[in-house]
Amino acid sequence: MLKLLEKPTMGRYASVAGLSADLRECLQRMQSGVVEDFLLGTHDESGRFIISNKLYGRDTDVAQLQQLFEQACQGKGVLCTIGGYSGIGKTTLVRSLRAAVAASRGAMVEGKHDQFRRQVPYSALIETFTALLRRILSGDRAHLARWSSALLEVLGENSAVIAEIIPDITRIIGPQAKPCVLEGPAGQHRFNMAFTALLKAFAHENHPLVLFLDDVQWADFASLALIQSCLSEGSVGYLLVLCAYRDNEVDEQHPLALMFAELKNKGVAIQAVSVGPLATAHLAELVCDSFPGLDDLPLFYDMLMRKTQGNPFFLRQFLQELYDEKILSFHPQRRWWVWSKSRALALTHTENVIDLMVRRIRRLPLETRNILNIAASIGNRFDLATLSMIGGFDQATILTMLAPALQEEIVLPITDGKDKHEFKFLHDRVQQGAYVLESDEYTNGLHLRIGRLMLERMITSDIEPKLFEIVDHLNAAQHLISLPNDRLQLAELNFQAGQKARQAMAYQAALNYLETGIALLGDAFSENNFELSFALYLNATQVLELAGLFDRVANYIQLLEQYAQTPLQQVELYFLRIAHLNHDSRLAEINALGREALALFGIDIPPLDDAAALMKRYQQELEQFEATMHTQSYSSLDDVAVSDDATHDAVLKVLSQVSEPAIFVNFSFFSVIAVIGVNRSIRYGYTRVSPMFFTLLGIALIAHHRRYQDACKIADVGIRLLNSNSKTYDLYGYERCLAYHGWNITHWAEPAQRAVPLLNEGYSVALRAHDPLYGGYMLVGIPWVSLFLCRDVTDLQSTAQRTLNFCASNELPFVSSLSLPFAATAAALHGDTAGLGVLDHSDFSEAAFIEAWQAVPITIAGLNICRMMLYTLEGRFDDAIRLYASVQTAWPATYLLSLHHPFWHGVALAGKARAAESNSRAQLISELKEIEGFYQSVYVAGCAENVEDKLFFLRALLADLDGEEEPAISLCQQAIHSAQHHCFLLKSGFFQ
């Protein structure tokens with residue numbers, strides 16, 4: 001009974017005669033009274049041609065895979081490569097894991113890269129995730145609801161990113177809005193994070209996951225990059241990724257080999273299994289299990305080894321060939337298998353599995369061969385509906401035509417929970433054999449017919465889901481398309497495919513489609529194709545920039561310059577040049593390009609080296625803004641309409657792209673940019689970058705006019721616009737508004753601690769925007785607030801360390817340099833260094849820091865701010881005073897610590913003045929009075945809470961220097977009271 005119920009078919013009885021013989025043996029033993037075990041199936045031989053499906057000669061490899069799966073079950077993320085020739089048995093070896101995976105309540109999914117569709121982005125990965133999603137869809141409503149909640153929780157707003165690539169997910173989580181547009185590193189990071197999160201949703205303690213990617217040597221560049229990213233993170237556990245590939249087709253410069261090398265460099269452990277040919281002993285086991293009774297076995301084994309080199313797939317096909325040619329046959333009287341030695345040894349067939357498959361397929365009926373040729377042109381997987389559409393017959397007829405191939409197991413049915421009838425080829429070599437049945441010209445014509453039929457059927461509906469497939473078919477036959485309108489239509493389709501691939505971060509595929517479109521144009525930039533030509537070349541240039549292929553960008557820009565006719569076309573080239581210069585931080589050149597670009601739209605900016613003229617233009621624009629605001633309130637700015645004018649949008653985009661370089665190298669130009677951006681937004685309507693200009697104008701109002709309250713109000717307009725209007729919401733702009741506000745504005749008009757929630761919100765927005773650089777900028781502002789407040793040394797330590805940890809994990813050395821001195825200051829204040837004025841400790845060397853960052857003024861200024869305070873506290877007044885000038889020059893005047901370091905300079909001046917001679921003492925007191933006047937102006941016009949304690953203490957020092965003891969004591973007590981009231985605890989202790 002157990003043999004009848006064996007799960008593997010090879011373990012069951014193959015014939016009634018075999019079962020009958022064993023039953024008679026049982027009866028005979030029972031009648032004799034001697035009941036003993038005996039070997040079942042010794043007379044079981046059906047005479048049918050069935051090759052044993054057991055796995056031969058792979059015990060060591062199977063054990064290794066099972067061990068790796070056990071590691072995954074224990075919470076590890078494991079990558080294993082499986083190399084070997086085509087047909088060597090890599091897929092069969094991997095599938096031996098199925099029982100172990102099922103026993104662990106896990107899942108195993110497969111994705112196969114298609115040799116004839118290598119350009120389609122993420123094809124195999126989409127196949128694997130789609131299989132997982134369809135398993136979920138097979139459950140009941142409660143099951144679907146649980147998975148819907150789990151996926152939405154894990155993916156968050158990135159669910160929309162996944163839905164664009166794997167539409168089936170919307171059947172579980174519902175329709176998703178379009179994701180915010182992100183390109184370049186930010187878009188790639190978001191895309192990678194989304195797929196990593198999706199992996200985590202399926203790979204967890206109660207559900208280990210085996211992801212099998214087959215024929216990875218044919219993977220597209222985007223898939224390789226995504227695989228590399230997911231595995232580099234090291235954050236996905238309970239996962240075993242198996243990458244099978246033909247190692248004989250992968251050299252050291254192959255993209256797959258480069259990916260493996262990069263992963264190793266990042267410390268990812270890669271396990272490797274090399275699958276070799278069957279040994280003669282294992283081939284003999286297979287033959288004996290499949291064909292008992294053969295004589296002259298050594299000769300038979302030798303012949304098989306010579307013909308197939310021990311390749312399991314080739315071996316099986318060759319045995320099938322021997323059977324079809326009746327060289328191997330079953331002898332019905334003797335009940336065993338026989339072979340014709342003379343005919344077998346006389347075989348002259350080429351030792352090529354593809355030729356073998358072609359011969360097998362050619363024995364099938366003509367109509368079956370034709371359908372197989374169509375199927376092979378479609379891909380490794382195909383469905384009846386598509387075959388019916390292309391073949392011109394109904395699905396029932398197509399299935400009848402396909403039946404002989406199904407019977408011969410040349411194609412196999414697929415059952416994965418989908419409604420439509422799907423099939424796949426037994427092996428990619430079989431697909432290749434079916435594909436080469438006809439001449440290249442015939443096959444190209446077939447691709448043309450397939451592409452046109454699919455396009456015709458899709459043209460009235462949504463072409464997008466099948467876009468890559470249609471374009472790939474038509475591109476394969478593009479030399480057969482001669483009519484100009486048809487070639488122009490295909491160029492347009494390639495443009496659409498390039499756009500779709502670009503949105504999926506598949507830049508290499510996007511470039512291939514776009515450049516194919518360019519090649520199809522023939523006479524590019526002619527009257528009938530000018531718009532399409534410009535769009536193809538422009539997008540190709542943008543993709544080259546995004547892909548980091550900078551050496552080719554300049555050539556495309558030069559070509560586009562010859563044909564750009566309108567300002568909107570010309571400004572696109574400026575955007576490309578600006579992006580190119582940004583990579584080398586050539587900030588002054590970016591500003592110059594921005595000035596030129598604005599001139600395209602009639603906006604004339606004075607020469608950038610004429611600060612007086614720039615400030616005059618700034619003042620004119622500011623007066624225009626103030627005239628506008630004379631008749632309305634700041635709150636009324638919330639109601640300005642949103643613009644859809646392309647010219648206005650381009651102007652504001654130019655202004656936004658040069659604003660950041662300008663703030664660093666030409667503040668006068670920056671001020672002009674800020675106020676022009678606000679004025680044009682109010683006059684012509686808001687765009688997605690408009691909110692940022694209100695924040696930038698706030699910075700200018702503080703820097704030039706110390707209009708602290710107005711600056712805060714105008715900057716708040718930008719924040720409100722981002723929060724209240726979806727049409728002006730932009731992650732890029734939002735994070736910058738919060739950063740500029742938190743770094744430059746908040747502390748002038750509001751208590752300094754209010755910057756912390758703003759910066760934390762900005763950090764969250766930066767993470768959503770997948771912009772680690774600005775995430776670091778947000779974090780680095782928080783220890784500055786901690787130092788300014790001086791409430792708790794441990795708070796300064798923890799916020800600085802949080803920033804350093806983030807910078808280390810995201811490779812942000814510059815941002816880290818803005819935080820390192822503050823972490824060292826916390827250590828000094830805590831007593832963890834050799835002295836109060838000593839920053840050196842186990843994690844920081846002052847000398848090494850200066851050597852590394854001496855060419856970056858703002859970084860050294862941050863260090864000097866810390867040193868000024870510590871030197872003053874230690875009584876090293878001369879050392880502190882010497883640092884002040886460099887800090888004043890290099891540290892931006894609008895940053896929070898510009899309310900901090902002048903105070904310590906004032907204290908140092910007073911300390912030195914006490915012992916100074918009369919002339920120098922008078923100079924020191926004069927400088928101290930200037931600082932007191934600065935704090936007085938902030939006290940009156942800005943946030944008094946932030947400076948009150950400092951102002952009173954500086955006045956106390958001046959009174960003391962003038963010999964006014966009682967006023968000095970009174971002012972000092974007021975300073976202490978203010979510091980205690982506002983919780984400036986370090987200063988309270990210092991004042992006392």
# chains A, B, ... in the order shown; residues from 1 in each chain; ligands from 1
>>> residues_around(residues="A:Arg586", least_positions_apart="3", cutoff="12 Å", atoms="only C-alpha atoms", output="PyMOL selection string")
chain A and resi 577-583+589-593+658+660-662+664-665
>>> residues_around(residues="A:His331", least_positions_apart="5", cutoff="10 Å", atoms="only C-alpha atoms", output="short mmCIF file (atom, residue, chain, number, x, y, z; two decimals) with C-alpha atoms, in the first residue's frame")
data_model
loop_
_atom_site.label_atom_id
_atom_site.label_comp_id
_atom_site.auth_asym_id
_atom_site.auth_seq_id
_atom_site.Cartn_x
_atom_site.Cartn_y
_atom_site.Cartn_z
CA GLY A 47 7.79 -1.09 -20.85
CA GLY A 293 18.00 -5.53 -18.25
CA TRP A 336 13.60 -5.97 -20.10
CA TRP A 337 15.32 -3.25 -22.12
CA VAL A 338 17.67 -3.81 -25.03
CA TRP A 339 19.78 -1.59 -27.25
#
>>> atom_distance(atom1="atom CA of A:Leu870", atom2="atom CA of A:Ile745")
26.4 Å
>>> residues_around(residues="stretch 270-273 of chain A", least_positions_apart="6", cutoff="7 Å", atoms="only C-alpha atoms", output="PyMOL selection string")
chain A and resi 61+79-83
>>> residues_around(residues="stretch 277-285 of chain A", least_positions_apart="6", cutoff="6 Å", atoms="only C-alpha atoms", output="list of chain:residue names")
A:Tyr56, A:Gly57, A:Gly310, A:Asn311
>>> closest_residue(among="A:Thr825, A:Asn158, A:Gln395, A:Gln478", to="A:Leu839", atoms="only C-alpha atoms")
A:Thr825
>>> residues_around(residues="A:Val780", least_positions_apart="6", cutoff="9 Å", atoms="only C-alpha atoms", output="ChimeraX atom specification")
/A:799-800,802-804,815-816,818-819
>>> write_last_selection(atoms="C-alpha atoms", output="PDB file, in the first residue's frame")
ATOM      1  CA  THR A 799      22.602  64.194  20.092  1.00  0.00           C
ATOM      2  CA  ALA A 800      26.128  64.475  18.712  1.00  0.00           C
ATOM      3  CA  ARG A 802      23.247  60.159  17.098  1.00  0.00           C
ATOM      4  CA  THR A 803      24.457  62.376  14.267  1.00  0.00           C
ATOM      5  CA  LEU A 804      27.824  60.625  14.047  1.00  0.00           C
ATOM      6  CA  VAL A 815      28.351  66.280   7.845  1.00  0.00           C
ATOM      7  CA  SER A 816      30.201  64.223  10.431  1.00  0.00           C
ATOM      8  CA  LEU A 818      30.233  69.437  11.616  1.00  0.00           C
ATOM      9  CA  SER A 819      29.366  67.280  14.628  1.00  0.00           C
TER      10      SER A 819
END
>>> closest_residue(among="A:Leu322, A:Ile162, A:Val471, A:Leu209", to="A:Ala197", atoms="only C-alpha atoms")
A:Ile162
>>> select_by_dssp(residues="stretch 40-129 of chain A", states="alpha helix (DSSP H)", output="mmCIF file with C-alpha atoms, in the first residue's frame")
data_model
loop_
_atom_site.group_PDB
_atom_site.id
_atom_site.type_symbol
_atom_site.label_atom_id
_atom_site.label_comp_id
_atom_site.auth_asym_id
_atom_site.auth_seq_id
_atom_site.Cartn_x
_atom_site.Cartn_y
_atom_site.Cartn_z
ATOM 1 C CA ASP A 59 24.350 14.434 -2.199
ATOM 2 C CA THR A 60 27.100 16.841 -1.116
ATOM 3 C CA ASP A 61 25.493 19.779 -2.924
ATOM 4 C CA VAL A 62 22.057 18.972 -1.502
ATOM 5 C CA ALA A 63 23.505 18.810 2.005
ATOM 6 C CA GLN A 64 25.193 22.202 1.522
ATOM 7 C CA LEU A 65 21.955 23.832 0.360
ATOM 8 C CA GLN A 66 20.024 22.330 3.253
ATOM 9 C CA GLN A 67 22.640 23.656 5.674
ATOM 10 C CA LEU A 68 22.342 27.134 4.157
ATOM 11 C CA PHE A 69 18.561 26.963 4.434
ATOM 12 C CA GLU A 70 18.885 26.021 8.099
ATOM 13 C CA GLN A 71 21.006 29.156 8.596
ATOM 14 C CA ALA A 72 18.253 31.198 6.970
ATOM 15 C CA CYS A 73 15.684 29.591 9.279
ATOM 16 C CA LYS A 90 21.254 23.584 -11.267
ATOM 17 C CA THR A 91 17.469 24.061 -11.213
ATOM 18 C CA THR A 92 16.817 20.425 -10.240
ATOM 19 C CA LEU A 93 19.341 20.743 -7.425
ATOM 20 C CA VAL A 94 17.628 23.844 -6.057
ATOM 21 C CA ARG A 95 14.200 22.234 -6.241
ATOM 22 C CA ARG A 98 11.176 22.135 -1.645
ATOM 23 C CA ALA A 99 10.418 19.502 0.966
ATOM 24 C CA ALA A 100 12.564 21.200 3.612
ATOM 25 C CA VAL A 101 10.997 24.581 2.849
ATOM 26 C CA ALA A 102 7.492 23.171 3.084
ATOM 27 C CA ALA A 103 8.328 21.466 6.379
ATOM 28 C CA SER A 123 11.560 40.544 -15.087
ATOM 29 C CA ALA A 124 12.645 37.628 -12.867
ATOM 30 C CA LEU A 125 12.197 39.571 -9.617
ATOM 31 C CA ILE A 126 8.703 40.606 -10.664
ATOM 32 C CA GLU A 127 7.967 36.961 -11.444
ATOM 33 C CA THR A 128 9.052 35.842 -7.954
ATOM 34 C CA PHE A 129 7.113 38.495 -6.064
#
>>> atom_distance(atom1="atom CA of A:Phe822", atom2="atom CA of A:Asp584")
28.7 Å
>>> closest_residue(among="A:His473, A:Arg867, A:His648, A:Arg24", to="A:Gly685", atoms="only C-alpha atoms")
A:His648
>>> select_by_dssp(residues="stretch 242-437 of chain A", states="strand (DSSP E)", output="list in words")
Leu242, Cys243, Ala244, Tyr245, Ile270, Gln271, Ala272, Val273, Ser274, Leu328, Ser329, Phe330, His331, Trp336, Trp337, Val338, Trp339, Arg381, Phe382, Asp383, Val411, Leu412, Pro413, Ile414, Glu422, Phe423, Lys424 and Phe425 of chain A
>>> write_last_selection(atoms="N, CA and C atoms", output="PDB file, in the first residue's frame")
ATOM      1  N   LEU A 242      19.250  32.266  -3.898  1.00  0.00           N
ATOM      2  CA  LEU A 242      20.017  31.346  -4.727  1.00  0.00           C
ATOM      3  C   LEU A 242      20.096  31.911  -6.146  1.00  0.00           C
ATOM      4  N   CYS A 243      21.295  32.173  -6.603  1.00  0.00           N
ATOM      5  CA  CYS A 243      21.504  32.726  -7.948  1.00  0.00           C
ATOM      6  C   CYS A 243      22.189  31.680  -8.813  1.00  0.00           C
ATOM      7  N   ALA A 244      21.445  31.098  -9.734  1.00  0.00           N
ATOM      8  CA  ALA A 244      22.014  30.095 -10.633  1.00  0.00           C
ATOM      9  C   ALA A 244      22.443  30.762 -11.936  1.00  0.00           C
ATOM     10  N   TYR A 245      23.617  30.383 -12.421  1.00  0.00           N
ATOM     11  CA  TYR A 245      24.113  31.015 -13.639  1.00  0.00           C
ATOM     12  C   TYR A 245      25.067  30.070 -14.360  1.00  0.00           C
ATOM     13  N   ILE A 270      29.477  35.208   0.496  1.00  0.00           N
ATOM     14  CA  ILE A 270      28.823  34.525  -0.624  1.00  0.00           C
ATOM     15  C   ILE A 270      29.225  33.065  -0.605  1.00  0.00           C
ATOM     16  N   GLN A 271      28.251  32.203  -0.442  1.00  0.00           N
ATOM     17  CA  GLN A 271      28.489  30.764  -0.523  1.00  0.00           C
ATOM     18  C   GLN A 271      28.411  30.352  -2.000  1.00  0.00           C
ATOM     19  N   ALA A 272      29.175  29.358  -2.374  1.00  0.00           N
ATOM     20  CA  ALA A 272      29.213  28.951  -3.785  1.00  0.00           C
ATOM     21  C   ALA A 272      29.066  27.445  -3.912  1.00  0.00           C
ATOM     22  N   VAL A 273      28.240  27.059  -4.859  1.00  0.00           N
ATOM     23  CA  VAL A 273      28.090  25.649  -5.220  1.00  0.00           C
ATOM     24  C   VAL A 273      28.417  25.537  -6.703  1.00  0.00           C
ATOM     25  N   SER A 274      29.343  24.661  -7.031  1.00  0.00           N
ATOM     26  CA  SER A 274      29.700  24.440  -8.431  1.00  0.00           C
ATOM     27  C   SER A 274      29.173  23.069  -8.847  1.00  0.00           C
ATOM     28  N   LEU A 328      17.049   2.172 -28.602  1.00  0.00           N
ATOM     29  CA  LEU A 328      16.766   1.695 -27.243  1.00  0.00           C
ATOM     30  C   LEU A 328      15.300   1.317 -27.200  1.00  0.00           C
ATOM     31  N   SER A 329      15.015   0.076 -26.788  1.00  0.00           N
ATOM     32  CA  SER A 329      13.616  -0.371 -26.821  1.00  0.00           C
ATOM     33  C   SER A 329      13.364  -1.413 -25.730  1.00  0.00           C
ATOM     34  N   PHE A 330      12.078  -1.646 -25.475  1.00  0.00           N
ATOM     35  CA  PHE A 330      11.678  -2.615 -24.459  1.00  0.00           C
ATOM     36  C   PHE A 330      11.288  -3.920 -25.155  1.00  0.00           C
ATOM     37  N   HIS A 331      11.847  -5.041 -24.668  1.00  0.00           N
ATOM     38  CA  HIS A 331      11.550  -6.359 -25.244  1.00  0.00           C
ATOM     39  C   HIS A 331      10.367  -6.936 -24.481  1.00  0.00           C
ATOM     40  N   TRP A 336      12.501  -6.865 -20.458  1.00  0.00           N
ATOM     41  CA  TRP A 336      13.599  -5.969 -20.096  1.00  0.00           C
ATOM     42  C   TRP A 336      13.987  -5.141 -21.327  1.00  0.00           C
ATOM     43  N   TRP A 337      14.935  -4.204 -21.088  1.00  0.00           N
ATOM     44  CA  TRP A 337      15.320  -3.247 -22.122  1.00  0.00           C
ATOM     45  C   TRP A 337      16.536  -3.761 -22.883  1.00  0.00           C
ATOM     46  N   VAL A 338      16.554  -3.398 -24.177  1.00  0.00           N
ATOM     47  CA  VAL A 338      17.668  -3.806 -25.031  1.00  0.00           C
ATOM     48  C   VAL A 338      18.113  -2.596 -25.861  1.00  0.00           C
ATOM     49  N   TRP A 339      19.315  -2.683 -26.383  1.00  0.00           N
ATOM     50  CA  TRP A 339      19.780  -1.587 -27.249  1.00  0.00           C
ATOM     51  C   TRP A 339      20.594  -2.146 -28.407  1.00  0.00           C
ATOM     52  N   ARG A 381       7.916  31.724 -20.914  1.00  0.00           N
ATOM     53  CA  ARG A 381       6.538  31.473 -20.486  1.00  0.00           C
ATOM     54  C   ARG A 381       5.594  32.101 -21.504  1.00  0.00           C
ATOM     55  N   PHE A 382       4.462  31.448 -21.727  1.00  0.00           N
ATOM     56  CA  PHE A 382       3.491  31.986 -22.676  1.00  0.00           C
ATOM     57  C   PHE A 382       2.109  31.481 -22.279  1.00  0.00           C
ATOM     58  N   ASP A 383       1.081  32.143 -22.774  1.00  0.00           N
ATOM     59  CA  ASP A 383      -0.287  31.748 -22.423  1.00  0.00           C
ATOM     60  C   ASP A 383      -1.117  31.537 -23.686  1.00  0.00           C
ATOM     61  N   VAL A 411       6.933  21.190 -23.735  1.00  0.00           N
ATOM     62  CA  VAL A 411       6.406  22.299 -22.934  1.00  0.00           C
ATOM     63  C   VAL A 411       5.622  21.705 -21.769  1.00  0.00           C
ATOM     64  N   LEU A 412       5.544  22.495 -20.700  1.00  0.00           N
ATOM     65  CA  LEU A 412       4.890  22.034 -19.473  1.00  0.00           C
ATOM     66  C   LEU A 412       3.841  23.045 -19.044  1.00  0.00           C
ATOM     67  N   PRO A 413       2.728  22.569 -18.496  1.00  0.00           N
ATOM     68  CA  PRO A 413       1.720  23.514 -17.989  1.00  0.00           C
ATOM     69  C   PRO A 413       2.202  24.159 -16.691  1.00  0.00           C
ATOM     70  N   ILE A 414       1.761  25.400 -16.459  1.00  0.00           N
ATOM     71  CA  ILE A 414       2.087  26.116 -15.222  1.00  0.00           C
ATOM     72  C   ILE A 414       0.824  26.258 -14.400  1.00  0.00           C
ATOM     73  N   GLU A 422      -1.384  28.953 -18.739  1.00  0.00           N
ATOM     74  CA  GLU A 422      -0.002  29.317 -19.032  1.00  0.00           C
ATOM     75  C   GLU A 422       0.857  28.071 -19.170  1.00  0.00           C
ATOM     76  N   PHE A 423       1.915  28.211 -19.963  1.00  0.00           N
ATOM     77  CA  PHE A 423       2.839  27.107 -20.199  1.00  0.00           C
ATOM     78  C   PHE A 423       4.261  27.649 -20.177  1.00  0.00           C
ATOM     79  N   LYS A 424       5.215  26.729 -20.052  1.00  0.00           N
ATOM     80  CA  LYS A 424       6.620  27.115 -20.153  1.00  0.00           C
ATOM     81  C   LYS A 424       7.374  26.008 -20.873  1.00  0.00           C
ATOM     82  N   PHE A 425       8.494  26.363 -21.456  1.00  0.00           N
ATOM     83  CA  PHE A 425       9.347  25.372 -22.097  1.00  0.00           C
ATOM     84  C   PHE A 425      10.069  24.555 -21.031  1.00  0.00           C
TER      85      PHE A 425
END
>>> residues_around(residues="A:Ala975", least_positions_apart="5", cutoff="6 Å", atoms="only C-alpha atoms", output="ChimeraX atom specification")
/A:949,952-953
>>> write_last_selection(atoms="all heavy atoms", output="PDB file, in the first residue's frame")
ATOM      1  N   ASP A 949      19.856  86.359  29.213  1.00  0.00           N
ATOM      2  CA  ASP A 949      20.881  86.037  30.216  1.00  0.00           C
ATOM      3  C   ASP A 949      22.258  86.505  29.759  1.00  0.00           C
ATOM      4  O   ASP A 949      23.059  87.029  30.552  1.00  0.00           O
ATOM      5  CB  ASP A 949      20.890  84.530  30.499  1.00  0.00           C
ATOM      6  CG  ASP A 949      21.245  83.711  29.268  1.00  0.00           C
ATOM      7  OD1 ASP A 949      20.765  84.056  28.165  1.00  0.00           O
ATOM      8  OD2 ASP A 949      22.007  82.729  29.406  1.00  0.00           O
ATOM      9  N   PHE A 952      22.463  90.482  30.017  1.00  0.00           N
ATOM     10  CA  PHE A 952      22.628  90.962  31.385  1.00  0.00           C
ATOM     11  C   PHE A 952      24.039  90.678  31.894  1.00  0.00           C
ATOM     12  O   PHE A 952      24.642  91.508  32.580  1.00  0.00           O
ATOM     13  CB  PHE A 952      21.599  90.319  32.316  1.00  0.00           C
ATOM     14  CG  PHE A 952      20.206  90.838  32.124  1.00  0.00           C
ATOM     15  CD1 PHE A 952      19.109  90.069  32.504  1.00  0.00           C
ATOM     16  CD2 PHE A 952      19.968  92.088  31.575  1.00  0.00           C
ATOM     17  CE1 PHE A 952      17.824  90.531  32.339  1.00  0.00           C
ATOM     18  CE2 PHE A 952      18.670  92.560  31.403  1.00  0.00           C
ATOM     19  CZ  PHE A 952      17.594  91.780  31.772  1.00  0.00           C
ATOM     20  N   PHE A 953      24.573  89.492  31.549  1.00  0.00           N
ATOM     21  CA  PHE A 953      25.902  89.162  32.062  1.00  0.00           C
ATOM     22  C   PHE A 953      26.974  90.033  31.404  1.00  0.00           C
ATOM     23  O   PHE A 953      27.921  90.470  32.067  1.00  0.00           O
ATOM     24  CB  PHE A 953      26.210  87.685  31.835  1.00  0.00           C
ATOM     25  CG  PHE A 953      27.440  87.225  32.558  1.00  0.00           C
ATOM     26  CD1 PHE A 953      27.415  87.051  33.941  1.00  0.00           C
ATOM     27  CD2 PHE A 953      28.625  87.002  31.880  1.00  0.00           C
ATOM     28  CE1 PHE A 953      28.556  86.639  34.620  1.00  0.00           C
ATOM     29  CE2 PHE A 953      29.762  86.593  32.557  1.00  0.00           C
ATOM     30  CZ  PHE A 953      29.728  86.412  33.939  1.00  0.00           C
TER      31      PHE A 953
END
>>> closest_residue(among="A:Met389, A:Leu372, A:Ala403, A:Leu27", to="A:Gln432", atoms="only C-alpha atoms")
A:Leu372
>>> residues_around(residues="stretch 927-938 of chain A", least_positions_apart="3", cutoff="12 Å", atoms="only C-alpha atoms", output="NGL selection string")
:A and (702 or 705-709 or 747-750 or 881 or 884 or 898-913 or 920-924 or 941-959 or 961)
>>> closest_residue(among="A:Pro606, A:Gly187, A:Pro567, A:Gly111", to="A:Phe212", atoms="only C-alpha atoms")
A:Gly111
>>> atom_distance(atom1="atom CA of A:Ser585", atom2="atom CA of A:Leu568")
25.3 Å
>>> closest_residue(among="A:Asp644, A:Asp638, A:Asp296, A:Glu626", to="A:Asp716", atoms="only C-alpha atoms")
A:Asp638
>>> decode(residues="stretch 761-773 of chain A", atoms="C-alpha atoms", output="tab-separated table (two decimals), in the first residue's frame")
chain	number	residue	atom	x	y	z
A	761	GLU	CA	10.54	66.65	11.36
A	762	GLY	CA	13.02	67.62	8.66
A	763	TYR	CA	15.00	64.47	9.40
A	764	SER	CA	11.86	62.36	8.92
A	765	VAL	CA	11.08	64.16	5.65
A	766	ALA	CA	14.65	63.61	4.45
A	767	LEU	CA	14.31	59.89	5.14
A	768	ARG	CA	11.06	59.86	3.14
A	769	ALA	CA	12.84	61.74	0.37
A	770	HIS	CA	15.67	59.17	0.58
A	771	ASP	CA	18.11	62.03	0.93
A	772	PRO	CA	20.65	60.99	3.59
A	773	LEU	CA	22.70	64.17	3.06
